[in-house]
$ cat target12.pdb   # PDB, C-alpha atoms
ATOM      1  CA  GLN A   1      92.747 207.132 149.726
ATOM      2  CA  LEU A   2      95.673 209.028 151.196
ATOM      3  CA  GLU A   3      94.078 208.900 154.634
ATOM      4  CA  ARG A   4      93.812 205.117 154.461
ATOM      5  CA  LEU A   5      97.331 204.807 153.064
ATOM      6  CA  TYR A   6      98.867 206.814 155.873
ATOM      7  CA  ARG A   7      96.969 204.796 158.452
ATOM      8  CA  GLU A   8      98.223 201.531 157.004
ATOM      9  CA  SER A   9     101.803 202.765 156.583
ATOM     10  CA  HIS A  10     101.933 204.478 159.983
ATOM     11  CA  GLY A  11     102.495 207.835 158.392
ATOM     12  CA  HIS A  12     101.443 209.604 161.570
ATOM     13  CA  ALA A  13     102.694 213.096 160.708
ATOM     14  CA  GLU A  14     100.984 213.004 157.328
ATOM     15  CA  LEU A  15      97.800 211.598 158.842
ATOM     16  CA  ARG A  16      97.833 214.448 161.317
ATOM     17  CA  ASP A  17      97.801 217.006 158.508
ATOM     18  CA  ILE A  18      94.899 215.255 156.796
ATOM     19  CA  LEU A  19      92.836 215.017 159.989
ATOM     20  CA  GLU A  20      93.447 218.683 160.827
ATOM     21  CA  ARG A  21      92.318 219.764 157.362
ATOM     22  CA  LYS A  22      89.314 217.454 157.565
ATOM     23  CA  ALA A  23      88.251 218.849 160.962
ATOM     24  CA  ASN A  24      88.680 222.444 159.787
ATOM     25  CA  ALA A  25      86.686 221.807 156.642
ATOM     26  CA  SER A  26      83.775 220.140 158.430
ATOM     27  CA  PRO A  27      80.792 222.162 159.672
ATOM     28  CA  GLU A  28      80.797 223.216 163.325
ATOM     29  CA  GLY A  29      79.066 220.616 165.465
ATOM     30  CA  SER A  30      79.006 217.996 162.725
ATOM     31  CA  ALA A  31      79.705 214.309 163.259
ATOM     32  CA  GLU A  32      82.511 214.521 160.674
ATOM     33  CA  ARG A  33      84.303 217.235 162.633
ATOM     34  CA  TYR A  34      83.809 215.348 165.888
ATOM     35  CA  GLU A  35      85.214 212.072 164.505
ATOM     36  CA  ALA A  36      88.215 213.778 162.910
ATOM     37  CA  LEU A  37      89.059 215.631 166.116
ATOM     38  CA  VAL A  38      88.797 212.494 168.268
ATOM     39  CA  GLU A  39      91.090 210.549 165.950
ATOM     40  CA  LEU A  40      93.475 213.503 165.804
ATOM     41  CA  ALA A  41      93.613 213.816 169.599
ATOM     42  CA  VAL A  42      94.347 210.105 170.053
ATOM     43  CA  LEU A  43      97.003 210.243 167.339
ATOM     44  CA  LEU A  44      98.718 213.258 168.903
ATOM     45  CA  GLU A  45      98.842 211.723 172.353
ATOM     46  CA  GLU A  46      99.537 208.076 171.624
ATOM     47  CA  ARG A  47     101.538 208.121 168.381
ATOM     48  CA  LEU A  48     103.185 211.513 168.076
ATOM     49  CA  ASP A  49     103.875 212.115 171.778
ATOM     50  CA  ALA A  50     102.537 215.651 171.552
ATOM     51  CA  PRO A  51     100.512 216.100 174.757
ATOM     52  CA  GLU A  52     100.031 219.874 174.409
ATOM     53  CA  ASP A  53      98.690 219.482 170.894
ATOM     54  CA  ALA A  54      96.521 216.601 172.089
ATOM     55  CA  ILE A  55      95.077 218.884 174.738
ATOM     56  CA  GLY A  56      94.124 221.396 172.065
ATOM     57  CA  ALA A  57      92.416 218.697 170.020
ATOM     58  CA  TRP A  58      90.487 217.284 172.973
ATOM     59  CA  GLU A  59      89.403 220.810 173.921
ATOM     60  CA  GLN A  60      87.963 221.174 170.446
ATOM     61  CA  VAL A  61      86.144 217.861 170.892
ATOM     62  CA  LEU A  62      84.468 219.295 173.987
ATOM     63  CA  GLY A  63      83.575 222.321 171.902
ATOM     64  CA  VAL A  64      81.611 220.008 169.636
ATOM     65  CA  ARG A  65      80.175 217.738 172.316
ATOM     66  CA  GLY A  66      80.424 219.290 175.761
ATOM     67  CA  ALA A  67      79.529 216.124 177.637
ATOM     68  CA  ASP A  68      81.867 213.758 175.807
ATOM     69  CA  PRO A  69      83.246 211.426 178.518
ATOM     70  CA  ASP A  70      86.359 210.345 176.596
ATOM     71  CA  ALA A  71      87.406 213.936 175.959
ATOM     72  CA  ALA A  72      86.803 214.884 179.595
ATOM     73  CA  ALA A  73      88.760 211.886 180.904
ATOM     74  CA  SER A  74      91.650 212.506 178.506
ATOM     75  CA  LEU A  75      91.862 216.198 179.374
ATOM     76  CA  ASP A  76      91.701 215.335 183.061
ATOM     77  CA  ARG A  77      94.706 213.055 182.649
ATOM     78  CA  LEU A  78      96.672 215.453 180.460
ATOM     79  CA  TYR A  79      96.009 218.545 182.589
ATOM     80  CA  THR A  80      97.092 216.618 185.688
ATOM     81  CA  ALA A  81     100.294 215.405 184.063
ATOM     82  CA  ALA A  82     101.104 218.948 182.923
ATOM     83  CA  GLU A  83     100.102 220.421 186.304
ATOM     84  CA  ARG A  84      97.683 222.784 184.584
ATOM     85  CA  TRP A  85      95.570 223.183 187.699
ATOM     86  CA  VAL A  86      93.501 226.176 186.588
ATOM     87  CA  ASP A  87      92.486 224.342 183.425
ATOM     88  CA  LEU A  88      91.717 221.208 185.443
ATOM     89  CA  ALA A  89      89.474 223.186 187.799
ATOM     90  CA  GLN A  90      87.629 224.708 184.842
ATOM     91  CA  LEU A  91      87.218 221.235 183.349
ATOM     92  CA  CYS A  92      85.713 219.960 186.602
ATOM     93  CA  GLU A  93      83.197 222.827 186.570
ATOM     94  CA  LYS A  94      82.231 222.010 182.983
ATOM     95  CA  ARG A  95      81.820 218.327 183.819
ATOM     96  CA  LEU A  96      79.639 219.183 186.814
ATOM     97  CA  ALA A  97      77.251 221.020 184.504
ATOM     98  CA  HIS A  98      76.603 217.780 182.603
ATOM     99  CA  ILE A  99      76.623 215.164 185.383
ATOM    100  CA  ARG A 100      73.228 213.811 186.348
ATOM    101  CA  ASP A 101      74.294 211.090 188.785
ATOM    102  CA  ALA A 102      74.245 212.510 192.330
ATOM    103  CA  LYS A 103      77.112 210.412 193.666
ATOM    104  CA  GLN A 104      79.365 211.259 190.736
ATOM    105  CA  ALA A 105      78.572 214.937 191.236
ATOM    106  CA  VAL A 106      79.460 214.718 194.940
ATOM    107  CA  ASP A 107      82.738 212.932 194.191
ATOM    108  CA  LEU A 108      83.741 215.412 191.498
ATOM    109  CA  ARG A 109      82.774 218.420 193.622
ATOM    110  CA  PHE A 110      84.904 217.083 196.475
ATOM    111  CA  ARG A 111      87.828 216.566 194.106
ATOM    112  CA  LEU A 112      87.436 220.134 192.897
ATOM    113  CA  GLY A 113      87.499 221.325 196.500
ATOM    114  CA  VAL A 114      90.751 219.477 197.179
ATOM    115  CA  LEU A 115      92.209 220.905 193.975
ATOM    116  CA  CYS A 116      91.263 224.464 194.937
ATOM    117  CA  GLU A 117      92.680 223.994 198.415
ATOM    118  CA  THR A 118      95.942 222.216 197.645
ATOM    119  CA  GLN A 119      96.930 223.420 194.172
ATOM    120  CA  LEU A 120      95.202 226.770 193.699
ATOM    121  CA  SER A 121      95.448 228.029 197.308
ATOM    122  CA  ASP A 122      91.855 229.231 197.024
ATOM    123  CA  SER A 123      90.393 228.477 200.448
ATOM    124  CA  SER A 124      87.122 230.305 199.866
ATOM    125  CA  ARG A 125      86.358 228.388 196.683
ATOM    126  CA  ALA A 126      87.442 225.132 198.331
ATOM    127  CA  MET A 127      85.000 225.688 201.185
ATOM    128  CA  GLU A 128      82.194 226.395 198.730
ATOM    129  CA  CYS A 129      82.893 223.017 197.164
ATOM    130  CA  TYR A 130      83.013 221.199 200.501
ATOM    131  CA  GLU A 131      79.764 222.845 201.584
ATOM    132  CA  ALA A 132      78.137 221.779 198.315
ATOM    133  CA  VAL A 133      79.371 218.238 198.936
ATOM    134  CA  LEU A 134      77.712 218.224 202.374
ATOM    135  CA  ALA A 135      74.491 219.485 200.809
ATOM    136  CA  GLY A 136      74.500 216.360 198.645
ATOM    137  CA  GLN A 137      75.894 213.949 201.251
ATOM    138  CA  ALA A 138      75.636 215.276 204.788
ATOM    139  CA  GLU A 139      78.074 212.814 206.341
ATOM    140  CA  HIS A 140      80.737 212.910 203.620
ATOM    141  CA  PRO A 141      83.853 212.145 205.703
ATOM    142  CA  GLY A 142      86.302 213.867 203.384
ATOM    143  CA  ALA A 143      84.351 217.125 203.269
ATOM    144  CA  VAL A 144      83.802 217.125 207.036
ATOM    145  CA  ALA A 145      87.499 216.551 207.703
ATOM    146  CA  ALA A 146      88.493 219.205 205.171
ATOM    147  CA  LEU A 147      86.193 221.809 206.727
ATOM    148  CA  GLU A 148      87.294 220.941 210.249
ATOM    149  CA  LYS A 149      90.814 222.075 209.377
ATOM    150  CA  TYR A 150      89.442 225.577 208.831
ATOM    151  CA  LEU A 151      88.106 225.755 212.384
ATOM    152  CA  ASP A 152      91.620 226.876 213.347
ATOM    153  CA  ASP A 153      91.634 229.631 210.731
ATOM    154  CA  PRO A 154      90.353 232.945 212.184
ATOM    155  CA  ASP A 155      89.260 234.126 208.738
ATOM    156  CA  PHE A 156      86.975 231.180 208.069
ATOM    157  CA  ARG A 157      86.127 229.524 211.375
ATOM    158  CA  SER A 158      82.771 231.266 211.893
ATOM    159  CA  ARG A 159      81.539 230.270 208.441
ATOM    160  CA  VAL A 160      82.752 226.692 208.876
ATOM    161  CA  ALA A 161      81.159 226.450 212.315
ATOM    162  CA  GLU A 162      77.752 227.116 210.754
ATOM    163  CA  SER A 163      78.324 224.425 208.131
ATOM    164  CA  LEU A 164      79.374 221.766 210.643
ATOM    165  CA  GLU A 165      76.934 222.446 213.473
ATOM    166  CA  SER A 166      74.023 220.418 212.087
ATOM    167  CA  ILE A 167      76.340 217.461 211.453
ATOM    168  CA  TYR A 168      77.630 217.515 215.013
ATOM    169  CA  ILE A 169      74.056 217.748 216.299
ATOM    170  CA  SER A 170      73.069 214.644 214.338
ATOM    171  CA  ARG A 171      76.129 212.849 215.712
ATOM    172  CA  GLN A 172      75.508 214.140 219.239
ATOM    173  CA  SER A 173      79.172 215.096 219.284
ATOM    174  CA  TRP A 174      79.120 217.286 222.379
ATOM    175  CA  PRO A 175      82.791 218.368 222.499
ATOM    176  CA  ASP A 176      82.555 219.470 218.882
ATOM    177  CA  LEU A 177      79.306 221.335 219.547
ATOM    178  CA  ILE A 178      80.938 223.099 222.469
ATOM    179  CA  ARG A 179      83.749 224.193 220.197
ATOM    180  CA  ILE A 180      81.240 225.477 217.652
ATOM    181  CA  ALA A 181      79.472 227.502 220.355
ATOM    182  CA  GLU A 182      82.775 228.957 221.532
ATOM    183  CA  ILE A 183      83.608 230.033 217.992
ATOM    184  CA  ARG A 184      80.218 231.668 217.573
ATOM    185  CA  LEU A 185      80.647 233.500 220.868
ATOM    186  CA  GLU A 186      83.860 235.089 219.597
ATOM    187  CA  ARG A 187      81.895 237.306 217.219
ATOM    188  CA  GLU A 188      78.432 237.340 218.718
ATOM    189  CA  GLU A 189      77.493 240.775 220.038
ATOM    190  CA  ASP A 190      73.782 240.380 220.639
ATOM    191  CA  PRO A 191      73.335 239.864 224.416
ATOM    192  CA  VAL A 192      70.331 237.557 224.049
ATOM    193  CA  ARG A 193      72.121 235.222 221.635
ATOM    194  CA  ARG A 194      75.290 235.354 223.723
ATOM    195  CA  LEU A 195      73.316 234.307 226.797
ATOM    196  CA  ASP A 196      71.613 231.487 224.904
ATOM    197  CA  LEU A 197      74.938 230.133 223.602
ATOM    198  CA  THR A 198      76.563 230.341 227.025
ATOM    199  CA  LYS A 199      73.677 228.517 228.688
ATOM    200  CA  ARG A 200      73.784 225.875 225.978
ATOM    201  CA  VAL A 201      77.451 225.150 226.618
ATOM    202  CA  SER A 202      76.862 225.039 230.365
ATOM    203  CA  ARG A 203      74.126 222.440 229.952
ATOM    204  CA  MET A 204      76.245 220.321 227.611
ATOM    205  CA  TYR A 205      79.057 220.201 230.152
ATOM    206  CA  GLU A 206      76.703 219.297 232.969
ATOM    207  CA  GLU A 207      74.120 217.042 231.321
ATOM    208  CA  GLN A 208      75.785 215.437 228.307
ATOM    209  CA  LEU A 209      79.449 215.301 229.340
ATOM    210  CA  GLU A 210      78.757 215.115 233.094
ATOM    211  CA  ASP A 211      81.737 217.407 233.561
ATOM    212  CA  LEU A 212      80.770 219.432 236.618
ATOM    213  CA  ASP A 213      84.043 221.362 236.691
ATOM    214  CA  GLY A 214      83.451 222.538 233.137
ATOM    215  CA  ALA A 215      79.821 223.265 233.970
ATOM    216  CA  PHE A 216      80.875 225.426 236.938
ATOM    217  CA  VAL A 217      83.190 227.493 234.729
ATOM    218  CA  TRP A 218      80.475 228.050 232.140
ATOM    219  CA  TYR A 219      77.706 228.796 234.609
ATOM    220  CA  GLY A 220      80.062 231.429 235.966
ATOM    221  CA  ARG A 221      80.071 232.915 232.456
ATOM    222  CA  VAL A 222      76.287 232.711 232.329
ATOM    223  CA  PHE A 223      76.217 234.681 235.576
ATOM    224  CA  ARG A 224      78.414 237.382 234.020
ATOM    225  CA  GLU A 225      76.085 237.564 231.014
ATOM    226  CA  ASP A 226      72.937 237.709 233.173
ATOM    227  CA  PRO A 227      73.692 238.518 236.829
ATOM    228  CA  ASP A 228      70.003 239.291 237.504
ATOM    229  CA  ASP A 229      69.073 235.614 237.122
ATOM    230  CA  ARG A 230      68.730 234.320 240.657
ATOM    231  CA  ALA A 231      68.371 230.730 239.432
ATOM    232  CA  ILE A 232      71.844 230.864 237.876
ATOM    233  CA  ARG A 233      73.357 232.089 241.133
ATOM    234  CA  ASP A 234      71.616 229.289 243.007
ATOM    235  CA  HIS A 235      72.957 226.798 240.471
ATOM    236  CA  LEU A 236      76.473 228.104 240.943
ATOM    237  CA  LEU A 237      76.057 227.700 244.693
ATOM    238  CA  ARG A 238      74.958 224.082 244.299
ATOM    239  CA  LEU A 239      77.897 223.286 242.018
ATOM    240  CA  ALA A 240      80.327 225.017 244.381
ATOM    241  CA  SER A 241      78.959 222.901 247.206
ATOM    242  CA  VAL A 242      79.266 219.635 245.286
ATOM    243  CA  LEU A 243      82.757 220.444 243.983
ATOM    244  CA  ASN A 244      83.985 222.309 247.063
ATOM    245  CA  LYS A 245      84.779 225.285 244.873
ATOM    246  CA  TRP A 246      83.977 228.024 247.347
ATOM    247  CA  SER A 247      87.149 229.913 246.560
ATOM    248  CA  ASP A 248      86.361 229.796 242.824
ATOM    249  CA  LEU A 249      82.821 230.970 243.503
ATOM    250  CA  ALA A 250      84.176 233.838 245.574
ATOM    251  CA  ASP A 251      86.414 234.851 242.665
ATOM    252  CA  VAL A 252      83.412 234.915 240.308
ATOM    253  CA  LEU A 253      81.361 237.054 242.683
ATOM    254  CA  VAL A 254      84.203 239.417 243.573
ATOM    255  CA  ASP A 255      84.987 239.903 239.889
ATOM    256  CA  PHE A 256      81.358 240.902 239.366
ATOM    257  CA  LEU A 257      81.357 243.297 242.316
ATOM    258  CA  ASP A 258      84.602 244.912 241.221
ATOM    259  CA  GLY A 259      82.966 245.724 237.904
ATOM    260  CA  GLY A 260      80.842 248.334 239.637
ATOM    261  CA  ALA A 261      78.477 248.953 236.712
ATOM    262  CA  HIS A 262      75.359 247.334 238.170
ATOM    263  CA  LYS A 263      72.394 248.512 240.232
ATOM    264  CA  PRO A 264      73.083 248.914 243.965
ATOM    265  CA  GLU A 265      70.241 246.546 244.793
ATOM    266  CA  LEU A 266      71.749 243.794 242.638
ATOM    267  CA  ARG A 267      75.244 244.395 244.022
ATOM    268  CA  LYS A 268      73.884 244.087 247.557
ATOM    269  CA  GLU A 269      72.020 240.911 246.707
ATOM    270  CA  VAL A 270      75.096 239.331 245.082
ATOM    271  CA  ALA A 271      77.320 240.385 247.967
ATOM    272  CA  GLY A 272      74.993 238.496 250.296
ATOM    273  CA  THR A 273      75.222 235.305 248.293
TER     274      THR A 273
END

$ encode --input "target12.pdb" --output "structure tokens"
Amino acid sequence: QLERLYRESHGHAELRDILERKANASPEGSAERYEALVELAVLLEERLDAPEDAIGAWEQVLGVRGADPDAAASLDRLYTAAERWVDLAQLCEKRLAHIRDAKQAVDLRFRLGVLCETQLSDSSRAMECYEAVLAGQAEHPGAVAALEKYLDDPDFRSRVAESLESIYISRQSWPDLIRIAEIRLEREEDPVRRLDLTKRVSRMYEEQLEDLDGAFVWYGRVFREDPDDRAIRDHLLRLASVLNKWSDLADVLVDFLDGGAHKPELRKEVAGT
């Protein structure tokens, strides 16, 4: 009777006390506890202007029903207003555990990535989120753009290059693929893989971009990686002839000869080029 009286008379403070006692007296996980907590949370936020207390009530609602959409949406709004970013990130993780719709999961994971990047300054966690987004939607423009920013970060660029390479291949985005190869070359120590990457860039300049000047520069690098390859030297000669880059070719060959760490037979052969 008192509960109904306070509702009708707008006795909000008194109704709060009743609802708190009712929730505490109800069994854990019961419908009675859930209903009392929901009404309490709404009352605290909308009638008593007590957002922090409302947060506590909504958190208890999630303790009863972890997938409750109203509780999640209310906490999302309240955490954002209070700039409680750590709590908001934890809420997003909890919501992700219950979401079954793939698109909703992608959208929420991307939002979590932005939150980690911009509010929590957690680049590693942000990238994990963006990578998970791309696993669910390979061409997600927001995740691609977010990861591309890390290509300028020496701590993360190698990892990001691996994540973006397949996307650039599907797009046939040759300048971007060249950049990815250059980033991989920065840390690649295996001579076979280095040679493969260098040849790949050379071919992209020549065949896809039709940039013979760029191709000449990169075939010069291929020559430095594998000076024994006669076909590469012949290719450099052809490019030098087409571009009239004899002086540049001479610089490449002289630089090799000045190195002095190669077999005499090879040095003699290169000198006669």

$ residues_around --input "target12.pdb" --residues "stretch 133-141 of chain A" --least-positions-apart "6" --cutoff "9 Å" --atoms "all atoms listed in the file" --output "MDAnalysis selection string"
chainID A and resid 102:103 105:107 109:110 163 167

$ write_last_selection --input "target12.pdb" --atoms "C-alpha atoms" --output "short mmCIF file (atom, residue, chain, number, x, y, z; two decimals), keeping the file's coordinate frame"
data_model
loop_
_atom_site.label_atom_id
_atom_site.label_comp_id
_atom_site.auth_asym_id
_atom_site.auth_seq_id
_atom_site.Cartn_x
_atom_site.Cartn_y
_atom_site.Cartn_z
CA ALA A 102 74.24 212.51 192.33
CA LYS A 103 77.11 210.41 193.67
CA ALA A 105 78.57 214.94 191.24
CA VAL A 106 79.46 214.72 194.94
CA ASP A 107 82.74 212.93 194.19
CA ARG A 109 82.77 218.42 193.62
CA PHE A 110 84.90 217.08 196.48
CA SER A 163 78.32 224.42 208.13
CA ILE A 167 76.34 217.46 211.45
#

$ resolve_selection --input "target12.pdb" --expression "the PyMOL selection byres ((chain A and resi 229) around 12)" --output "list in words"
Leu195, Lys199, Tyr219, Gly220, Val222, Phe223, Arg224, Glu225, Asp226, Pro227, Asp228, Arg230, Ala231, Ile232, Arg233, Asp234, His235, Leu236, Leu266, Glu269 and Val270 of chain A

$ resolve_selection --input "target12.pdb" --expression "the PyMOL selection byres ((chain A and resi 63) around 12)" --output "list of chain:residue names"
A:Glu28, A:Gly29, A:Ser30, A:Arg33, A:Tyr34, A:Leu37, A:Val38, A:Gly56, A:Ala57, A:Trp58, A:Glu59, A:Gln60, A:Val61, A:Leu62, A:Val64, A:Arg65, A:Gly66, A:Ala67, A:Asp68, A:Ala71, A:Ala72, A:Lys94

$ resolve_selection --input "target12.pdb" --expression "the PyMOL selection byres ((chain A and resi 116-125) around 10)" --output "MDAnalysis selection string"
chainID A and resid 83:86 89 110:115 126:131 146 150 155:156

$ write_last_selection --input "target12.pdb" --atoms "C-alpha atoms" --output "short mmCIF file (atom, residue, chain, number, x, y, z; two decimals), keeping the file's coordinate frame"
data_model
loop_
_atom_site.label_atom_id
_atom_site.label_comp_id
_atom_site.auth_asym_id
_atom_site.auth_seq_id
_atom_site.Cartn_x
_atom_site.Cartn_y
_atom_site.Cartn_z
CA GLU A 83 100.10 220.42 186.30
CA ARG A 84 97.68 222.78 184.58
CA TRP A 85 95.57 223.18 187.70
CA VAL A 86 93.50 226.18 186.59
CA ALA A 89 89.47 223.19 187.80
CA PHE A 110 84.90 217.08 196.48
CA ARG A 111 87.83 216.57 194.11
CA LEU A 112 87.44 220.13 192.90
CA GLY A 113 87.50 221.32 196.50
CA VAL A 114 90.75 219.48 197.18
CA LEU A 115 92.21 220.90 193.98
CA ALA A 126 87.44 225.13 198.33
CA MET A 127 85.00 225.69 201.18
CA GLU A 128 82.19 226.40 198.73
CA CYS A 129 82.89 223.02 197.16
CA TYR A 130 83.01 221.20 200.50
CA GLU A 131 79.76 222.84 201.58
CA ALA A 146 88.49 219.20 205.17
CA TYR A 150 89.44 225.58 208.83
CA ASP A 155 89.26 234.13 208.74
CA PHE A 156 86.98 231.18 208.07
#

$ axis_aligned_box --input "target12.pdb" --around "stretch 169-184 of chain A" --padding-each-side "3 Å" --output "JSON"
{"center_x": 78.4, "center_y": 222.3, "center_z": 218.4, "size_x": 16.7, "size_y": 24.8, "size_z": 14.2}

$ atom_distance --input "target12.pdb" --atom1 "atom CA of A:Tyr168" --atom2 "atom CA of A:Val144"
10.1 Å

$ atom_distance --input "target12.pdb" --atom1 "atom CA of A:Arg77" --atom2 "atom CA of A:Glu32"
25.2 Å

$ atom_distance --input "target12.pdb" --atom1 "atom CA of A:Asn244" --atom2 "atom CA of A:Leu212"
11.3 Å

$ closest_residue --input "target12.pdb" --among "A:Arg194, A:Leu78, A:Leu243, A:Ala13" --to "A:Asp211" --atoms "only C-alpha atoms"
A:Leu243

$ decode --input "target12.pdb" --residues "stretch 183-230 of chain A" --atoms "C-alpha atoms" --output "compact mmCIF listing (two decimals), in the first residue's frame"
# COMPACT_ATOMS: atom_id res chain seq x y z
CA ILE A 183 57.58 -1.36 -44.17
CA ARG A 184 58.18 -5.10 -44.17
CA LEU A 185 61.65 -4.59 -45.62
CA GLU A 186 62.58 -2.37 -42.67
CA ARG A 187 62.66 -5.37 -40.35
CA GLU A 188 63.12 -8.28 -42.71
CA GLU A 189 66.51 -9.95 -42.26
CA ASP A 190 66.06 -13.14 -44.24
CA PRO A 191 67.84 -12.61 -47.59
CA VAL A 192 65.40 -14.75 -49.57
CA ARG A 193 62.35 -12.87 -48.30
CA ARG A 194 64.11 -9.53 -48.74
CA LEU A 195 64.85 -10.40 -52.36
CA ASP A 196 61.27 -11.49 -52.97
CA LEU A 197 59.86 -8.26 -51.50
CA THR A 198 62.27 -6.11 -53.48
CA LYS A 199 61.44 -7.87 -56.74
CA ARG A 200 57.74 -7.51 -55.99
CA VAL A 201 58.04 -3.75 -55.58
CA SER A 202 60.10 -3.48 -58.75
CA ARG A 203 57.43 -5.30 -60.75
CA MET A 204 54.64 -3.16 -59.30
CA TYR A 205 56.43 0.01 -60.35
CA GLU A 206 57.08 -1.30 -63.84
CA GLU A 207 53.97 -3.34 -64.65
CA GLN A 208 51.12 -1.92 -62.57
CA LEU A 209 52.11 1.73 -62.15
CA GLU A 210 54.11 1.93 -65.41
CA ASP A 211 56.60 4.08 -63.52
CA LEU A 212 59.89 3.19 -65.17
CA ASP A 213 61.90 5.64 -63.07
CA GLY A 214 60.64 3.98 -59.90
CA ALA A 215 61.23 0.57 -61.44
CA PHE A 216 64.85 1.49 -62.24
CA VAL A 217 65.48 2.53 -58.63
CA TRP A 218 64.02 -0.70 -57.28
CA TYR A 219 65.72 -2.98 -59.78
CA GLY A 220 68.92 -1.33 -58.62
CA ARG A 221 68.01 -2.52 -55.12
CA VAL A 222 67.27 -5.99 -56.45
CA PHE A 223 70.76 -5.99 -57.96
CA ARG A 224 72.26 -5.12 -54.57
CA GLU A 225 70.31 -7.96 -52.96
CA ASP A 226 71.30 -10.48 -55.66
CA PRO A 227 74.21 -9.27 -57.81
CA ASP A 228 74.74 -12.79 -59.22
CA ASP A 229 71.48 -12.59 -61.18
CA ARG A 230 72.51 -11.76 -64.72
